[in-house]
$ cat model-v1.cif   # mmCIF, C-alpha atoms
data_work
#
loop_
_atom_site.label_atom_id
_atom_site.label_comp_id
_atom_site.auth_asym_id
_atom_site.auth_seq_id
_atom_site.Cartn_x
_atom_site.Cartn_y
_atom_site.Cartn_z
CA MET A 92 106.98 75.90 -4.12
CA SER A 93 105.72 72.38 -3.41
CA LYS A 94 109.16 71.13 -4.43
CA LEU A 95 110.70 73.35 -1.77
CA PHE A 96 108.31 72.04 0.85
CA SER A 97 108.94 68.40 -0.05
CA GLU A 98 112.69 69.06 0.04
CA ALA A 99 112.37 70.79 3.39
CA TRP A 100 110.35 67.85 4.70
CA GLN A 101 113.41 65.66 4.05
CA ILE A 102 115.50 67.61 6.56
CA THR A 103 112.90 67.69 9.33
CA THR A 104 113.93 65.74 12.41
CA VAL A 105 111.74 63.52 14.56
CA GLY A 106 111.60 66.44 17.01
CA ASP A 107 110.28 68.76 14.28
CA ARG A 108 107.53 66.39 13.26
CA PHE A 109 106.57 65.71 16.85
CA LEU A 110 106.39 69.47 17.52
CA MET A 111 104.19 70.02 14.46
CA LEU A 112 101.87 67.22 15.49
CA VAL A 113 101.59 68.50 19.06
CA LEU A 114 100.82 72.06 17.92
CA ALA A 115 98.25 70.89 15.37
CA VAL A 116 96.47 68.59 17.84
CA ALA A 117 96.60 71.11 20.70
CA GLY A 118 95.46 73.93 18.40
CA LEU A 119 92.49 72.02 17.00
CA SER A 120 91.41 70.53 20.33
CA SER A 121 91.65 73.90 22.07
CA LEU A 122 89.02 75.12 19.61
CA PHE A 123 86.59 72.89 21.49
CA TRP A 124 88.03 73.74 24.88
CA VAL A 125 87.49 77.46 24.25
CA GLU A 126 83.79 76.80 23.61
CA GLY A 127 83.50 75.61 27.20
CA LEU A 128 85.00 78.85 28.51
CA ALA A 129 81.96 80.83 27.43
CA VAL A 130 80.00 82.36 30.31
CA GLU A 131 76.25 82.67 29.93
CA GLY A 132 75.08 86.24 29.88
CA GLU A 133 72.44 87.82 32.10
CA THR A 134 71.69 91.09 30.35
CA VAL A 135 71.95 92.40 26.85
CA LEU A 136 72.67 95.94 25.68
CA ILE A 137 71.21 97.07 22.37
CA SER A 138 72.75 100.16 20.78
CA VAL A 139 71.34 102.11 17.87
CA GLU A 140 73.66 104.35 15.84
CA GLY A 141 76.41 103.78 18.40
CA ALA A 142 74.40 105.04 21.38
CA PRO A 143 73.10 102.59 24.01
CA ALA A 144 69.34 102.34 23.50
CA VAL A 145 67.84 99.50 25.56
CA ARG A 146 69.11 97.08 28.16
CA LYS A 147 67.12 93.86 28.55
CA SER A 148 67.28 90.77 30.72
CA LEU A 149 67.84 87.51 28.89
CA ASP A 150 65.60 85.73 31.39
CA VAL A 151 62.42 87.39 30.16
CA SER A 152 61.22 86.11 26.79
CA GLU A 153 59.91 88.87 24.55
CA THR A 154 59.84 90.10 21.00
CA PHE A 155 60.27 93.72 20.06
CA THR A 156 61.38 96.00 17.24
CA VAL A 157 64.54 98.11 17.24
CA GLY A 158 65.22 100.26 14.19
CA GLY A 159 64.62 98.07 11.16
CA ALA A 160 65.05 94.80 13.01
CA ARG A 161 62.77 92.44 14.90
CA VAL A 162 64.55 91.11 18.00
CA VAL A 163 63.57 87.94 19.85
CA ILE A 164 64.67 86.96 23.34
CA GLU A 165 63.88 83.35 24.24
CA HIS A 166 65.50 80.49 26.18
CA GLY A 167 68.10 82.91 27.63
CA ALA A 168 69.42 83.85 24.20
CA ILE A 169 68.83 86.72 21.82
CA ARG A 170 68.51 86.73 18.04
CA ILE A 171 67.29 88.88 15.20
CA SER A 172 64.29 87.28 13.52
CA GLU A 173 63.48 89.79 10.78
CA SER A 174 65.47 92.66 9.35
CA THR A 175 65.13 95.19 6.57
CA CYS A 176 68.80 94.94 5.66
CA PRO A 177 69.72 93.47 2.23
CA GLN A 178 72.13 90.67 3.17
CA LYS A 179 70.53 89.44 6.41
CA LEU A 180 73.91 88.59 7.93
CA CYS A 181 72.65 89.47 11.40
CA LEU A 182 69.72 87.11 10.91
CA HIS A 183 71.87 84.19 9.79
CA GLN A 184 74.16 84.56 12.80
CA GLY A 185 71.45 82.95 14.93
CA PRO A 186 70.96 83.24 18.69
CA ILE A 187 73.78 84.36 21.03
CA ASN A 188 73.99 84.02 24.81
CA ALA A 189 77.65 84.15 25.95
CA VAL A 190 79.23 87.20 27.57
CA GLY A 191 81.09 89.27 25.00
CA GLU A 192 79.22 87.90 21.99
CA MET A 193 77.82 90.44 19.55
CA ILE A 194 75.37 90.71 16.72
CA VAL A 195 76.00 93.72 14.53
CA CYS A 196 73.64 94.82 11.80
CA VAL A 197 75.57 97.42 9.88
CA PRO A 198 72.84 98.66 7.48
CA ASN A 199 70.44 99.22 10.40
CA LYS A 200 73.20 100.57 12.66
CA ILE A 201 72.18 98.22 15.45
CA SER A 202 74.57 96.36 17.70
CA ILE A 203 73.55 93.78 20.30
CA TRP A 204 76.09 92.97 22.97
CA ILE A 205 75.75 90.44 25.79
CA GLU A 206 77.24 92.19 28.79
CA GLY A 207 76.45 91.03 32.33
CA ALA A 208 77.65 87.64 33.50
CA ARG A 209 75.17 85.43 35.30
CA LYS A 210 75.35 86.17 39.00
CA ASN A 211 76.57 83.69 41.57
CA LYS A 212 74.09 81.47 43.31
CA PHE A 213 74.12 83.78 46.35
CA ASP A 214 73.77 87.56 46.28
CA ALA A 215 76.14 87.90 49.19
CA VAL A 216 77.64 85.73 51.84
CA THR A 217 78.20 87.12 55.29
CA GLY A 218 80.45 85.60 57.82
CA MET B 181 115.09 58.98 8.62
CA PRO B 182 115.94 62.48 7.39
CA SER B 183 119.52 63.09 6.48
CA PRO B 184 120.78 66.19 8.21
CA GLY B 185 121.36 68.84 5.57
CA ARG B 186 123.64 71.77 5.89
CA VAL B 187 121.14 73.84 7.83
CA SER B 188 119.58 71.05 9.82
CA GLY B 189 120.36 70.58 13.48
CA ALA B 190 123.71 71.97 14.45
CA ALA B 191 125.42 70.86 11.22
CA VAL B 192 126.25 74.34 9.91
CA LYS B 193 129.87 75.23 9.34
CA SER B 194 130.72 78.57 10.86
CA VAL B 195 132.08 81.04 8.36
CA ALA B 196 134.44 83.93 8.95
CA VAL B 197 133.15 87.03 7.16
CA ARG B 198 134.87 90.37 7.07
CA PRO B 199 133.17 92.83 9.45
CA THR B 200 132.06 95.34 6.79
CA THR B 201 130.62 92.64 4.57
CA GLN B 202 128.74 91.27 7.54
CA SER B 203 127.36 94.70 8.49
CA VAL B 204 126.05 95.20 4.97
CA ARG B 205 124.44 91.78 4.94
CA LEU B 206 122.79 92.28 8.29
CA ALA B 207 121.54 95.69 7.12
CA LEU B 208 120.03 94.00 4.06
CA LEU B 209 118.34 91.44 6.28
CA VAL B 210 116.91 94.23 8.44
CA ALA B 211 115.60 95.96 5.30
CA VAL B 212 113.92 92.76 4.14
CA GLY B 213 112.49 92.27 7.62
CA LEU B 214 111.03 95.80 7.61
CA ILE B 215 109.36 95.16 4.25
CA LEU B 216 107.78 91.96 5.60
CA PHE B 217 106.80 93.75 8.80
CA LEU B 218 105.13 96.67 6.99
CA PHE B 219 103.45 94.26 4.59
CA GLU B 220 101.83 92.30 7.40
CA SER B 221 100.93 95.51 9.23
CA ALA B 222 98.77 96.38 6.22
CA ILE B 223 96.76 93.13 6.44
CA PRO B 224 93.54 93.47 8.45
CA ARG B 225 93.69 91.42 11.68
CA PRO B 226 91.32 90.64 14.52
CA LEU B 227 93.56 92.39 17.03
CA PRO B 228 95.98 95.21 16.22
CA TRP B 229 99.04 93.59 17.76
CA LEU B 230 98.47 90.12 16.42
CA LYS B 231 100.65 89.46 13.38
CA PRO B 232 101.60 86.34 11.44
CA GLY B 233 105.23 87.03 12.37
CA LEU B 234 106.77 86.60 8.95
CA SER B 235 109.55 89.05 9.78
CA ASN B 236 110.91 86.34 12.06
CA LEU B 237 112.40 85.06 8.78
CA ILE B 238 115.31 87.49 8.99
CA VAL B 239 116.08 86.47 12.56
CA VAL B 240 116.19 82.80 11.55
CA LEU B 241 118.37 83.66 8.53
CA ALA B 242 120.72 85.73 10.70
CA LEU B 243 120.88 83.00 13.34
CA TYR B 244 121.80 80.26 10.87
CA GLY B 245 123.88 82.45 8.55
CA PHE B 246 125.75 84.64 11.00
CA GLY B 247 125.21 83.40 14.55
CA PHE B 248 123.35 84.40 17.69
CA THR B 249 124.75 87.92 18.14
CA ALA B 250 123.83 88.77 14.58
CA ALA B 251 120.31 87.40 15.10
CA LEU B 252 119.88 89.53 18.21
CA THR B 253 121.18 92.64 16.40
CA VAL B 254 118.89 92.11 13.42
CA MET B 255 115.89 91.52 15.70
CA LEU B 256 116.52 94.68 17.77
CA LEU B 257 117.05 96.86 14.69
CA ARG B 258 113.93 95.48 13.03
CA VAL B 259 111.78 96.06 16.12
CA VAL B 260 113.02 99.60 16.77
CA LEU B 261 112.97 100.73 13.13
CA GLY B 262 109.58 99.12 12.53
CA ALA B 263 108.18 100.96 15.55
CA LEU B 264 109.69 104.24 14.33
CA ILE B 265 108.08 103.81 10.92
CA LEU B 266 104.65 102.92 12.31
CA GLY B 267 104.88 105.45 15.14
CA THR B 268 104.40 102.88 17.89
CA LEU B 269 107.72 103.41 19.65
CA LEU B 270 107.48 102.86 23.43
CA ASN B 271 103.73 102.17 23.50
CA PRO B 272 102.34 98.76 24.56
CA VAL B 273 102.51 97.42 21.00
CA PHE B 274 106.22 98.16 20.99
CA LEU B 275 106.69 96.34 24.29
CA PHE B 276 104.91 93.28 22.85
CA SER B 277 107.14 93.36 19.80
CA PHE B 278 110.27 93.90 21.82
CA PHE B 279 109.82 91.22 24.46
CA GLY B 280 108.27 88.79 21.99
CA GLY B 281 111.24 89.22 19.67
CA LEU B 282 113.79 89.06 22.47
CA LEU B 283 112.47 85.85 24.04
CA ALA B 284 111.89 84.22 20.65
CA THR B 285 115.44 85.00 19.53
CA CYS B 286 116.92 83.69 22.78
CA ALA B 287 114.82 80.53 22.54
CA MET B 288 115.88 79.91 18.94
CA GLY B 289 119.52 80.62 19.76
CA GLY B 290 119.39 78.26 22.71
CA LEU B 291 117.78 75.50 20.66
CA ARG B 292 120.21 75.89 17.80
CA TYR B 293 123.38 75.86 19.90
CA TYR B 294 122.38 73.79 22.90
CA GLY B 295 119.42 71.80 21.61
CA GLY B 296 121.53 69.05 20.10
CA ARG B 297 119.91 67.86 16.90
CA VAL B 298 116.41 67.61 18.25
CA PHE B 299 115.13 70.34 15.92
CA SER B 300 116.18 71.35 12.43
CA ILE B 301 115.91 74.93 11.24
CA ILE B 302 112.18 74.32 10.71
CA GLY B 303 111.52 73.13 14.26
CA VAL B 304 113.62 75.98 15.65
CA SER B 305 111.61 78.47 13.62
CA ILE B 306 108.30 77.00 14.86
CA CYS B 307 109.56 77.23 18.46
CA GLY B 308 110.53 80.85 17.82
CA ALA B 309 107.06 81.67 16.50
CA PHE B 310 105.47 79.88 19.45
CA VAL B 311 107.55 81.69 22.07
CA HIS B 312 106.90 85.00 20.30
CA ASN B 313 103.13 84.47 20.33
CA VAL B 314 102.98 83.18 23.91
CA THR B 315 104.98 86.18 25.14
CA GLN B 316 102.76 88.64 23.31
CA LEU B 317 99.54 87.04 24.47
CA SER B 318 100.73 86.86 28.09
CA LEU B 319 101.72 90.52 28.03
CA ALA B 320 98.38 91.40 26.47
CA ALA B 321 96.55 89.45 29.17
CA VAL B 322 98.43 91.29 31.89
CA LEU B 323 98.73 94.80 30.47
CA VAL B 324 95.75 95.41 28.23
CA VAL B 325 92.82 93.07 28.54
CA ALA B 326 93.46 91.97 32.12
CA ASN B 327 91.04 89.05 32.06
CA VAL B 328 90.39 85.55 30.84
CA GLN B 329 88.97 86.65 27.49
CA VAL B 330 92.49 86.43 26.11
CA LEU B 331 92.33 82.65 26.48
CA TYR B 332 89.86 82.65 23.60
CA LEU B 333 92.86 83.28 21.40
CA THR B 334 94.68 80.08 22.41
CA PRO B 335 93.68 78.05 19.32
CA LEU B 336 94.64 80.94 17.09
CA LEU B 337 97.97 81.23 18.88
CA LEU B 338 98.84 77.53 18.51
CA LEU B 339 97.74 77.19 14.90
CA ALA B 340 99.32 80.50 13.86
CA SER B 341 102.65 79.44 15.43
CA LEU B 342 102.53 76.20 13.51
CA PHE B 343 101.67 77.90 10.23
CA SER B 344 103.99 80.90 10.26
CA GLY B 345 106.81 78.98 11.96
CA THR B 346 106.71 76.32 9.26
CA VAL B 347 106.55 78.83 6.40
CA VAL B 348 109.42 80.87 7.84
CA GLY B 349 111.51 77.76 8.54
CA VAL B 350 111.00 76.30 5.07
CA VAL B 351 111.74 79.59 3.31
CA ALA B 352 114.84 80.13 5.47
CA TYR B 353 116.00 76.60 4.68
CA GLY B 354 115.44 77.18 0.96
CA LEU B 355 117.29 80.49 0.97
CA LEU B 356 120.28 79.21 2.95
CA GLU B 357 120.49 76.01 0.96
CA LYS B 358 120.16 77.49 -2.54
CA THR B 359 122.18 80.68 -2.11
CA ASN B 360 125.37 79.40 -0.64
CA HIS B 361 127.07 82.70 -1.24
CA LEU B 362 124.73 84.43 1.18
CA VAL B 363 126.31 82.47 3.97
CA SER B 364 129.77 81.55 2.89
CA ALA B 365 131.20 84.07 0.40
#

$ encode --input "model-v1.cif" --output "structure tokens"
Amino acid sequence: MSKLFSEAWQITTVGDRFLMLVLAVAGLSSLFWVEGLAVEGETVLISVEGAPAVRKSLDVSETFTVGGARVVIEHGAIRISESTCPQKLCLHQGPINAVGEMIVCVPNKISIWIEGARKNKFDAVTG
Amino acid sequence: MPSPGRVSGAAVKSVAVRPTTQSVRLALLVAVGLILFLFESAIPRPLPWLKPGLSNLIVVLALYGFGFTAALTVMLLRVVLGALILGTLLNPVFLFSFFGGLLATCAMGGLRYYGGRVFSIIGVSICGAFVHNVTQLSLAAVLVVANVQVLYLTPLLLLASLFSGTVVGVVAYGLLEKTNHLVSA
């Protein structure tokens, strides 16, 4: 297999290699660019067993318990601080705050989803 | 500097094949393409319509072994039969497949015949994968998701094009180079 690849490398043109380089650089750098696209969330929806249970604002710091998990909202982000589940994957995920981000704790059947985007500076502008 | 091999750039001799023989060979290519297509459909993916695009291999093989018309035929048959097997005929997934395949094939054909020797079979295959992915993602952005969230997939799109395009190009090169009879018997 590696022989095939080294043979194939021999026939690549300058154009090929340039194309590969461009795609690799653009692909890797866009990983960072995509980070910047994230929109900070305003509210968070917590569902238990698939049904929406509580909706909270990310602006108000508080700590509460949902199902088998202890949920902390602080600094505009939400995280799970304690959980009864065996692997603690939800815990290790850390805090989330961007619209569309999710924490899912499968054993506890809890899902946390950042939904509302932060509002504009003005509620409305009239002419 | 790389020496242009038989399948690099435009340096492929065209071969006259009897029509029946060619039909059988194209049918075999379509069958291989369907196997690859069904195989990658079985792999779990982040989004249902996002595939590595390994079945582009048969289009590249057809393009370099039998010419543009053959590549187009093989692509259309693969897309329609694949959709029939998976039951996705005429739904959005099929449209993604169809337009992605169509534009990718046209791009590869254009590059092979009019692109001079800028790209070898490997570069052409990467371009095909790239065009295929861009088409699918644009259609998804317009038809399904209808917002900017799709842009999150840009890194995946670029890196996946590079990876699958290279693999397909190298395998196609290997097959065409080692099995002369596939092309020229």

$ closest_atom_pairs --input "model-v1.cif" --of "chain B" --to "chain A" --cutoff "6 Å" --atoms "all atoms listed in the file" --output "CSV"
residue,atom,partner,partner_atom,distance
B:Pro182,CA,A:Ile102,CA,5.2
B:Pro184,CA,A:Ile102,CA,5.7
B:Val298,CA,A:Gly106,CA,5.1
B:Phe299,CA,A:Asp107,CA,5.4
B:Ser300,CA,A:Thr103,CA,5.8
B:Gly303,CA,A:Asp107,CA,4.5
B:Tyr332,CA,A:Val125,CA,5.7
B:Pro335,CA,A:Gly118,CA,4.6
B:Leu338,CA,A:Gly118,CA,4.9
B:Leu339,CA,A:Gly118,CA,5.3
B:Val350,CA,A:Ala99,CA,5.9

$ write_last_selection --input "model-v1.cif" --atoms "C-alpha atoms" --output "PDB file, keeping the file's coordinate frame"
ATOM      1  CA  PRO B 182     115.940  62.480   7.390  1.00  0.00           C
ATOM      2  CA  PRO B 184     120.780  66.190   8.210  1.00  0.00           C
ATOM      3  CA  VAL B 298     116.410  67.610  18.250  1.00  0.00           C
ATOM      4  CA  PHE B 299     115.130  70.340  15.920  1.00  0.00           C
ATOM      5  CA  SER B 300     116.180  71.350  12.430  1.00  0.00           C
ATOM      6  CA  GLY B 303     111.520  73.130  14.260  1.00  0.00           C
ATOM      7  CA  TYR B 332      89.860  82.650  23.600  1.00  0.00           C
ATOM      8  CA  PRO B 335      93.680  78.050  19.320  1.00  0.00           C
ATOM      9  CA  LEU B 338      98.840  77.530  18.510  1.00  0.00           C
ATOM     10  CA  LEU B 339      97.740  77.190  14.900  1.00  0.00           C
ATOM     11  CA  VAL B 350     111.000  76.300   5.070  1.00  0.00           C
TER      12      VAL B 350
END

$ resolve_selection --input "model-v1.cif" --expression "the PyMOL selection byres ((chain B and resi 279-291) around 8)" --output "VMD selection string"
chain B and resid 239 to 240 243 248 251 to 252 255 to 256 259 275 to 278 292 to 296 299 304 to 305 307 to 316

$ resolve_selection --input "model-v1.cif" --expression "the PyMOL selection byres ((chain A and resi 202) around 12)" --output "ChimeraX atom specification"
/A:135-146,157-158,160,162,169-171,181,192-201,203-205

$ resolve_selection --input "model-v1.cif" --expression "the PyMOL selection byres ((chain B and resi 209-215) around 12)" --output "ChimeraX atom specification"
/B:202-208,216-222,233-243,245-246,250-266,348,352,362

$ axis_aligned_box --input "model-v1.cif" --around "segment 143-160 of chain A" --padding-each-side "6 Å" --output "JSON"
{"center_x": 66.5, "center_y": 94.2, "center_z": 21.3, "size_x": 25.3, "size_y": 28.9, "size_z": 32.2}

$ atom_distance --input "model-v1.cif" --atom1 "atom CA of Ile187 of chain A" --atom2 "atom CA of Leu333 of chain B"
19.1 Å

$ atom_distance --input "model-v1.cif" --atom1 "atom CA of Ser148 of chain A" --atom2 "atom CA of Val163 of chain A"
11.8 Å

$ closest_residue --input "model-v1.cif" --among "B:Leu319, B:Ile301, B:Thr201, B:Pro232" --to "Leu355 of chain B" --atoms "all atoms listed in the file"
B:Ile301

$ residues_around --input "model-v1.cif" --residues "Gly167 of chain A" --least-positions-apart "4" --cutoff "10 Å" --atoms "all atoms listed in the file" --output "tab-separated table (two decimals) with C-alpha atoms, in the frame of the given file"
chain	number	residue	atom	x	y	z
A	131	GLU	CA	76.25	82.67	29.93
A	132	GLY	CA	75.08	86.24	29.88
A	133	GLU	CA	72.44	87.82	32.10
A	134	THR	CA	71.69	91.09	30.35
A	148	SER	CA	67.28	90.77	30.72
A	149	LEU	CA	67.84	87.51	28.89
A	150	ASP	CA	65.60	85.73	31.39
A	151	VAL	CA	62.42	87.39	30.16
A	152	SER	CA	61.22	86.11	26.79
A	186	PRO	CA	70.96	83.24	18.69
A	187	ILE	CA	73.78	84.36	21.03
A	188	ASN	CA	73.99	84.02	24.81
A	189	ALA	CA	77.65	84.15	25.95

$ atom_distance --input "model-v1.cif" --atom1 "atom CA of Val347 of chain B" --atom2 "atom CA of Thr249 of chain B"
23.5 Å

$ closest_residue --input "model-v1.cif" --among "B:Asn271, B:Gly349, B:Ile223, B:Pro199" --to "Leu323 of chain B" --atoms "only C-alpha atoms"
B:Asn271

$ decode --input "model-v1.cif" --residues "segment 277-306 of chain B" --atoms "C-alpha atoms" --output "mmCIF file, in the first residue's frame"
data_model
loop_
_atom_site.group_PDB
_atom_site.id
_atom_site.type_symbol
_atom_site.label_atom_id
_atom_site.label_comp_id
_atom_site.auth_asym_id
_atom_site.auth_seq_id
_atom_site.Cartn_x
_atom_site.Cartn_y
_atom_site.Cartn_z
ATOM 1 C CA SER B 277 -26.224 12.867 -4.891
ATOM 2 C CA PHE B 278 -27.389 13.685 -8.375
ATOM 3 C CA PHE B 279 -26.204 17.275 -8.638
ATOM 4 C CA GLY B 280 -23.034 16.564 -6.664
ATOM 5 C CA GLY B 281 -22.192 13.708 -9.008
ATOM 6 C CA LEU B 282 -23.115 15.645 -12.137
ATOM 7 C CA LEU B 283 -21.033 18.732 -11.333
ATOM 8 C CA ALA B 284 -18.114 16.657 -10.063
ATOM 9 C CA THR B 285 -18.073 14.553 -13.235
ATOM 10 C CA CYS B 286 -18.248 17.631 -15.459
ATOM 11 C CA ALA B 287 -15.460 19.301 -13.487
ATOM 12 C CA MET B 288 -13.232 16.228 -13.729
ATOM 13 C CA GLY B 289 -13.988 15.818 -17.423
ATOM 14 C CA GLY B 290 -13.202 19.465 -18.058
ATOM 15 C CA LEU B 291 -9.931 19.279 -16.140
ATOM 16 C CA ARG B 292 -8.847 16.088 -17.838
ATOM 17 C CA TYR B 293 -9.536 17.222 -21.402
ATOM 18 C CA TYR B 294 -9.087 20.978 -21.189
ATOM 19 C CA GLY B 295 -6.938 21.401 -18.095
ATOM 20 C CA GLY B 296 -3.672 20.857 -19.914
ATOM 21 C CA ARG B 297 -1.288 18.976 -17.661
ATOM 22 C CA VAL B 298 -1.904 21.021 -14.568
ATOM 23 C CA PHE B 299 -3.392 18.065 -12.688
ATOM 24 C CA SER B 300 -2.668 14.353 -12.877
ATOM 25 C CA ILE B 301 -5.361 11.774 -12.200
ATOM 26 C CA ILE B 302 -4.829 12.416 -8.477
ATOM 27 C CA GLY B 303 -5.396 16.170 -8.684
ATOM 28 C CA VAL B 304 -8.415 15.637 -10.937
ATOM 29 C CA SER B 305 -9.869 13.201 -8.416
ATOM 30 C CA ILE B 306 -9.333 15.662 -5.539
#
